[in-house]
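What follows is coords34.cif (mmCIF, C-alpha atoms and all ligand atoms; chains and numbers go by the auth columns).
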```cif
data_input
loop_
_atom_site.group_PDB
_atom_site.id
_atom_site.type_symbol
_atom_site.label_atom_id
_atom_site.label_comp_id
_atom_site.label_asym_id
_atom_site.label_seq_id
_atom_site.Cartn_x
_atom_site.Cartn_y
_atom_site.Cartn_z
_atom_site.B_iso_or_equiv
_atom_site.auth_seq_id
_atom_site.auth_asym_id
ATOM 1 C CA MET A 1 -32.240 168.279 -37.716 0.00 29 A
ATOM 2 C CA SER A 2 -33.423 167.799 -41.267 0.00 30 A
ATOM 3 C CA LEU A 3 -34.130 164.313 -42.573 0.00 31 A
ATOM 4 C CA VAL A 4 -33.194 165.405 -46.071 0.00 32 A
ATOM 5 C CA HIS A 5 -29.623 164.512 -46.984 0.00 33 A
ATOM 6 C CA TRP A 6 -28.649 165.127 -50.585 0.00 34 A
ATOM 7 C CA ILE A 7 -25.700 163.492 -52.274 0.00 35 A
ATOM 8 C CA GLU A 8 -24.384 165.497 -55.198 0.00 36 A
ATOM 9 C CA LEU A 9 -23.419 163.104 -57.989 0.00 37 A
ATOM 10 C CA PRO A 10 -20.718 164.490 -60.260 0.00 38 A
ATOM 11 C CA LYS A 11 -22.031 165.091 -63.770 0.00 39 A
ATOM 12 C CA PHE A 12 -19.815 164.687 -66.814 0.00 40 A
ATOM 13 C CA GLY A 13 -21.349 166.610 -69.620 0.00 41 A
ATOM 14 C CA ASP A 14 -20.178 167.585 -73.057 0.00 42 A
ATOM 15 C CA SER A 15 -21.696 168.188 -76.474 0.00 43 A
ATOM 16 C CA ARG A 16 -22.765 164.506 -76.587 0.00 44 A
ATOM 17 C CA GLY A 17 -24.905 164.751 -73.457 0.00 45 A
ATOM 18 C CA SER A 18 -24.508 163.952 -69.771 0.00 46 A
ATOM 19 C CA LEU A 19 -23.096 161.032 -67.816 0.00 47 A
ATOM 20 C CA ILE A 20 -23.255 160.323 -64.099 0.00 48 A
ATOM 21 C CA ALA A 21 -21.242 157.551 -62.448 0.00 49 A
ATOM 22 C CA ILE A 22 -22.239 155.993 -59.125 0.00 50 A
ATOM 23 C CA GLU A 23 -19.711 154.052 -57.062 0.00 51 A
ATOM 24 C CA GLY A 24 -20.426 152.286 -53.774 0.00 52 A
ATOM 25 C CA LYS A 25 -18.382 153.561 -50.836 0.00 53 A
ATOM 26 C CA ARG A 26 -17.109 156.384 -53.020 0.00 54 A
ATOM 27 C CA ASN A 27 -19.888 158.807 -53.847 0.00 55 A
ATOM 28 C CA ILE A 28 -22.457 156.586 -52.071 0.00 56 A
ATOM 29 C CA PRO A 29 -21.728 156.093 -48.333 0.00 57 A
ATOM 30 C CA PHE A 30 -22.262 152.315 -48.377 0.00 58 A
ATOM 31 C CA ALA A 31 -21.413 149.260 -50.462 0.00 59 A
ATOM 32 C CA ILE A 32 -24.256 148.841 -52.964 0.00 60 A
ATOM 33 C CA LYS A 33 -25.752 145.343 -52.730 0.00 61 A
ATOM 34 C CA ARG A 34 -28.958 145.928 -54.671 0.00 62 A
ATOM 35 C CA VAL A 35 -30.295 148.244 -57.330 0.00 63 A
ATOM 36 C CA TYR A 36 -33.920 148.550 -58.396 0.00 64 A
ATOM 37 C CA TYR A 37 -35.986 151.092 -60.239 0.00 65 A
ATOM 38 C CA ILE A 38 -39.593 152.131 -60.147 0.00 66 A
ATOM 39 C CA TYR A 39 -41.223 153.313 -63.360 0.00 67 A
ATOM 40 C CA ASP A 40 -44.602 153.338 -65.151 0.00 68 A
ATOM 41 C CA THR A 41 -46.255 154.440 -61.907 0.00 69 A
ATOM 42 C CA GLN A 42 -49.696 155.835 -62.769 0.00 70 A
ATOM 43 C CA SER A 43 -50.521 159.371 -61.679 0.00 71 A
ATOM 44 C CA GLY A 44 -52.396 159.442 -58.383 0.00 72 A
ATOM 45 C CA VAL A 45 -50.643 156.300 -57.166 0.00 73 A
ATOM 46 C CA ALA A 46 -48.609 156.463 -53.937 0.00 74 A
ATOM 47 C CA ARG A 47 -45.939 153.934 -52.969 0.00 75 A
ATOM 48 C CA GLY A 48 -43.640 153.134 -50.111 0.00 76 A
ATOM 49 C CA PHE A 49 -45.442 153.419 -46.763 0.00 77 A
ATOM 50 C CA HIS A 50 -42.781 151.539 -44.872 0.00 78 A
ATOM 51 C CA ALA A 51 -39.525 151.903 -42.975 0.00 79 A
ATOM 52 C CA HIS A 52 -36.525 149.613 -42.800 0.00 80 A
ATOM 53 C CA GLN A 53 -34.896 148.430 -39.614 0.00 81 A
ATOM 54 C CA ASN A 54 -31.441 148.010 -41.065 0.00 82 A
ATOM 55 C CA LEU A 55 -31.097 149.387 -44.564 0.00 83 A
ATOM 56 C CA GLN A 56 -29.670 152.494 -46.148 0.00 84 A
ATOM 57 C CA GLN A 57 -30.889 153.639 -49.528 0.00 85 A
ATOM 58 C CA VAL A 58 -30.131 156.382 -52.011 0.00 86 A
ATOM 59 C CA LEU A 59 -32.942 157.461 -54.349 0.00 87 A
ATOM 60 C CA VAL A 60 -32.098 159.103 -57.658 0.00 88 A
ATOM 61 C CA CYS A 61 -34.844 160.328 -59.949 0.00 89 A
ATOM 62 C CA VAL A 62 -33.027 159.681 -63.227 0.00 90 A
ATOM 63 C CA SER A 63 -35.987 160.814 -65.330 0.00 91 A
ATOM 64 C CA GLY A 64 -39.108 162.877 -64.618 0.00 92 A
ATOM 65 C CA SER A 65 -40.086 163.774 -61.070 0.00 93 A
ATOM 66 C CA CYS A 66 -41.735 162.538 -57.900 0.00 94 A
ATOM 67 C CA ARG A 67 -42.200 163.633 -54.311 0.00 95 A
ATOM 68 C CA VAL A 68 -40.902 161.780 -51.266 0.00 96 A
ATOM 69 C CA VAL A 69 -42.121 162.176 -47.699 0.00 97 A
ATOM 70 C CA LEU A 70 -39.668 161.240 -44.938 0.00 98 A
ATOM 71 C CA ASP A 71 -40.717 160.785 -41.337 0.00 99 A
ATOM 72 C CA ASN A 72 -38.659 159.736 -38.300 0.00 100 A
ATOM 73 C CA GLY A 73 -41.588 159.718 -35.887 0.00 101 A
ATOM 74 C CA GLU A 74 -40.905 163.302 -34.777 0.00 102 A
ATOM 75 C CA VAL A 75 -40.313 165.241 -37.975 0.00 103 A
ATOM 76 C CA ARG A 76 -42.114 164.825 -41.311 0.00 104 A
ATOM 77 C CA GLU A 77 -40.561 166.403 -44.391 0.00 105 A
ATOM 78 C CA SER A 78 -41.506 166.449 -48.042 0.00 106 A
ATOM 79 C CA VAL A 79 -38.995 166.795 -50.839 0.00 107 A
ATOM 80 C CA ASP A 80 -39.215 166.946 -54.639 0.00 108 A
ATOM 81 C CA LEU A 81 -36.941 164.692 -56.655 0.00 109 A
ATOM 82 C CA ASP A 82 -36.366 165.927 -60.189 0.00 110 A
ATOM 83 C CA SER A 83 -32.592 165.951 -60.716 0.00 111 A
ATOM 84 C CA ALA A 84 -30.588 163.040 -62.126 0.00 112 A
ATOM 85 C CA HIS A 85 -27.492 164.372 -60.363 0.00 113 A
ATOM 86 C CA LEU A 86 -28.944 164.442 -56.824 0.00 114 A
ATOM 87 C CA GLY A 87 -29.283 161.387 -54.610 0.00 115 A
ATOM 88 C CA LEU A 88 -31.557 161.389 -51.565 0.00 116 A
ATOM 89 C CA LEU A 89 -29.998 159.383 -48.731 0.00 117 A
ATOM 90 C CA ILE A 90 -32.525 157.567 -46.553 0.00 118 A
ATOM 91 C CA ASN A 91 -31.224 156.018 -43.361 0.00 119 A
ATOM 92 C CA ASP A 92 -32.787 153.133 -41.495 0.00 120 A
ATOM 93 C CA MET A 93 -35.801 153.715 -39.245 0.00 121 A
ATOM 94 C CA THR A 94 -37.131 156.386 -41.585 0.00 122 A
ATOM 95 C CA TRP A 95 -40.720 156.077 -42.787 0.00 123 A
ATOM 96 C CA ARG A 96 -41.033 156.930 -46.495 0.00 124 A
ATOM 97 C CA GLU A 97 -43.903 157.603 -48.846 0.00 125 A
ATOM 98 C CA MET A 98 -43.616 158.424 -52.555 0.00 126 A
ATOM 99 C CA TYR A 99 -46.176 160.493 -54.454 0.00 127 A
ATOM 100 C CA ASP A 100 -46.847 162.491 -57.608 0.00 128 A
ATOM 101 C CA PHE A 101 -44.873 160.377 -60.038 0.00 129 A
ATOM 102 C CA SER A 102 -44.676 162.009 -63.453 0.00 130 A
ATOM 103 C CA GLY A 103 -45.479 159.695 -66.359 0.00 131 A
ATOM 104 C CA ASP A 104 -41.815 159.607 -67.362 0.00 132 A
ATOM 105 C CA CYS A 105 -40.489 159.115 -63.812 0.00 133 A
ATOM 106 C CA VAL A 106 -37.762 156.525 -63.364 0.00 134 A
ATOM 107 C CA LEU A 107 -36.783 156.319 -59.714 0.00 135 A
ATOM 108 C CA LEU A 108 -33.499 154.485 -59.227 0.00 136 A
ATOM 109 C CA VAL A 109 -32.878 153.039 -55.777 0.00 137 A
ATOM 110 C CA LEU A 110 -29.484 151.925 -54.471 0.00 138 A
ATOM 111 C CA ALA A 111 -29.625 149.765 -51.365 0.00 139 A
ATOM 112 C CA SER A 112 -27.073 148.598 -48.814 0.00 140 A
ATOM 113 C CA ALA A 113 -28.586 145.103 -48.419 0.00 141 A
ATOM 114 C CA TYR A 114 -30.316 142.386 -50.390 0.00 142 A
ATOM 115 C CA TYR A 115 -34.098 142.287 -50.411 0.00 143 A
ATOM 116 C CA ASP A 116 -35.394 141.012 -47.074 0.00 144 A
ATOM 117 C CA GLU A 117 -39.102 141.262 -46.319 0.00 145 A
ATOM 118 C CA ALA A 118 -38.323 140.708 -42.598 0.00 146 A
ATOM 119 C CA ASP A 119 -36.475 144.055 -42.540 0.00 147 A
ATOM 120 C CA TYR A 120 -39.639 145.994 -43.488 0.00 148 A
ATOM 121 C CA ILE A 121 -41.889 147.780 -41.025 0.00 149 A
ATOM 122 C CA ARG A 122 -45.128 148.224 -42.957 0.00 150 A
ATOM 123 C CA SER A 123 -47.349 149.501 -40.126 0.00 151 A
ATOM 124 C CA TYR A 124 -46.960 153.175 -39.167 0.00 152 A
ATOM 125 C CA GLU A 125 -48.155 152.390 -35.616 0.00 153 A
ATOM 126 C CA GLU A 126 -45.507 149.683 -35.267 0.00 154 A
ATOM 127 C CA PHE A 127 -42.914 152.118 -36.642 0.00 155 A
ATOM 128 C CA LEU A 128 -43.846 154.783 -34.070 0.00 156 A
ATOM 129 C CA ALA A 129 -43.744 152.237 -31.241 0.00 157 A
ATOM 130 C CA LYS A 130 -40.272 151.067 -32.321 0.00 158 A
ATOM 131 C CA VAL A 131 -38.967 154.655 -32.644 0.00 159 A
ATOM 132 C CA GLU A 132 -40.304 155.580 -29.198 0.00 160 A
ATOM 133 C CA LYS A 133 -38.642 152.540 -27.626 0.00 161 A
ATOM 134 C CA GLY A 134 -35.345 153.667 -29.194 0.00 162 A
HETATM 135 P P1 LIG B . -42.849 147.254 -52.500 0.00 201 B
HETATM 136 O O1 LIG B . -41.925 147.182 -51.326 0.00 201 B
HETATM 137 O O2 LIG B . -44.317 147.120 -52.236 0.00 201 B
HETATM 138 O O3 LIG B . -42.588 148.599 -53.318 0.00 201 B
HETATM 139 P P2 LIG B . -42.740 150.137 -52.811 0.00 201 B
HETATM 140 O O4 LIG B . -41.911 150.268 -51.586 0.00 201 B
HETATM 141 O O5 LIG B . -42.205 150.954 -53.950 0.00 201 B
HETATM 142 O O6 LIG B . -44.154 150.450 -52.574 0.00 201 B
HETATM 143 O O7 LIG B . -42.388 146.149 -53.541 0.00 201 B
HETATM 144 C C1 LIG B . -43.191 145.724 -54.625 0.00 201 B
HETATM 145 C C2 LIG B . -42.933 144.254 -54.894 0.00 201 B
HETATM 146 O O8 LIG B . -41.592 144.035 -55.348 0.00 201 B
HETATM 147 C C3 LIG B . -43.132 143.369 -53.667 0.00 201 B
HETATM 148 O O9 LIG B . -43.807 142.200 -54.100 0.00 201 B
HETATM 149 C C4 LIG B . -41.725 143.015 -53.248 0.00 201 B
HETATM 150 C C5 LIG B . -40.944 143.056 -54.533 0.00 201 B
HETATM 151 N N1 LIG B . -39.545 143.481 -54.368 0.00 201 B
HETATM 152 C C6 LIG B . -38.525 142.574 -54.561 0.00 201 B
HETATM 153 O O10 LIG B . -38.742 141.391 -54.868 0.00 201 B
HETATM 154 N N2 LIG B . -37.233 142.989 -54.428 0.00 201 B
HETATM 155 C C7 LIG B . -36.931 144.271 -54.088 0.00 201 B
HETATM 156 O O11 LIG B . -35.724 144.623 -53.982 0.00 201 B
HETATM 157 C C8 LIG B . -37.993 145.209 -53.851 0.00 201 B
HETATM 158 C C9 LIG B . -37.719 146.626 -53.457 0.00 201 B
HETATM 159 C C10 LIG B . -39.284 144.769 -54.005 0.00 201 B
#
```
Re-express the file's structure as structure tokens.
Amino acid sequence: MSLVHWIELPKFGDSRGSLIAIEGKRNIPFAIKRVYYIYDTQSGVARGFHAHQNLQQVLVCVSGSCRVVLDNGEVRESVDLDSAHLGLLINDMTWREMYDFSGDCVLLVLASAYYDEADYIRSYEEFLAKVEKG
């Protein structure tokens, strides 16, 4: 089973340009409690390197491009994000790493919960141990 779940965000475009609307529990499968965005990431820098115990997220690369690696302890997949109308759904207990940010990359993240450092698993060994335990 693939770890890559895309959410197609409807695009409203006309001669003035494009518009995409995001609505929690409508085109995003959870109520959105938090939004953040990552930008100005220097080339060669990698981010992420953690999993969440109880958090769903949708990543939308609204400008530029980046690459995301997803890993559930058994399968490791790499995916390119370069479309403002595609959201990448990341479920809990999924290790993620982000690479190859273009200079103009703006990575928008929608999250199902408020920021909680206690929800993070920042050690890959700890992540694997937790996944194996079920
Ligand atoms: P971090 O989790 O290291 O970012 P990434 O997963 O992209 O590598 O977060 C960077 C800093 O921002 C860290 O000090 C925690 C803080 N932060 C918040 O305060 N609120 C948030 O919602 C997020 C995602 C991070």
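Nearest residue to Ser130 of chain A, choosing from A:Arg95, A:Arg150, A:Lys161, A:Arg62 and counting all atoms listed in the file: A:Arg95.
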Residues matched by the PyMOL selection byres (((not hetatm)) within 9 of (chain B and resi 201)) as JSON, numbers by chain: {"A": [62, 63, 64, 65, 66, 74, 75, 76, 77, 78, 124, 125, 126, 137, 139, 142, 143, 144, 145, 148]}
Within 12 Å of Leu138 of chain A using only C-alpha atoms, minus same-chain residues under 2 positions, as a PyMOL selection string: chain A and resi 50-53+55-66+83-89+115-119+135-136+140-143
Residue list as JSON, numbers by chain for point (-44.1, 159.4, -62.8), cut-off 10 Å, all atoms listed in the file: {"A": [66, 67, 68, 69, 70, 71, 72, 73, 89, 91, 92, 93, 94, 95, 127, 128, 129, 130, 131, 132, 133, 134, 135]}
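The coordinates place atom CA of Glu36 of chain A at 26.5 Å from atom CA of Gly101 of chain A.
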Given the PyMOL selection byres (((chain A and resi 156) around 10) and not hetatm), the residues it picks as a PyMOL selection string: chain A and resi 99-102+121+123+151-155+157-162
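Proximity to Leu98 of chain A was assessed for A:Lys39, A:His33, A:Arg44, A:His113 counting all atoms listed in the file; the smallest distance is recorded for A:His33.
By only C-alpha atoms, and with residues fewer than 3 positions from segment 46-48 of chain A along its chain excluded, the set lying at most 10 Å from it is Leu37, Pro38, Lys39, Phe40, Gly41, Asp42, Ser43, Val90, Ala112 and His113 of chain A.
In this model, the gap between atom CA of Gln81 of chain A and atom CA of Glu105 of chain A comes to 19.4 Å.
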For Arg104 of chain A, the nearest of the candidates A:Trp34, A:Thr122, A:Ile149, A:Ala79, counting only C-alpha atoms: A:Thr122
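We find atom CA of Met29 of chain A and atom CA of Val103 of chain A to be spaced 8.6 Å apart.
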Where is the centre and how long are the edges: axis-aligned box on segment 139-148 of chain A, 8 Å on each side, Å to one decimal, as AutoDock Vina command-line options:
```
--center_x -33.4 --center_y 145.2 --center_z -47.0 --size_x 28.6 --size_y 25.1 --size_z 24.8
```
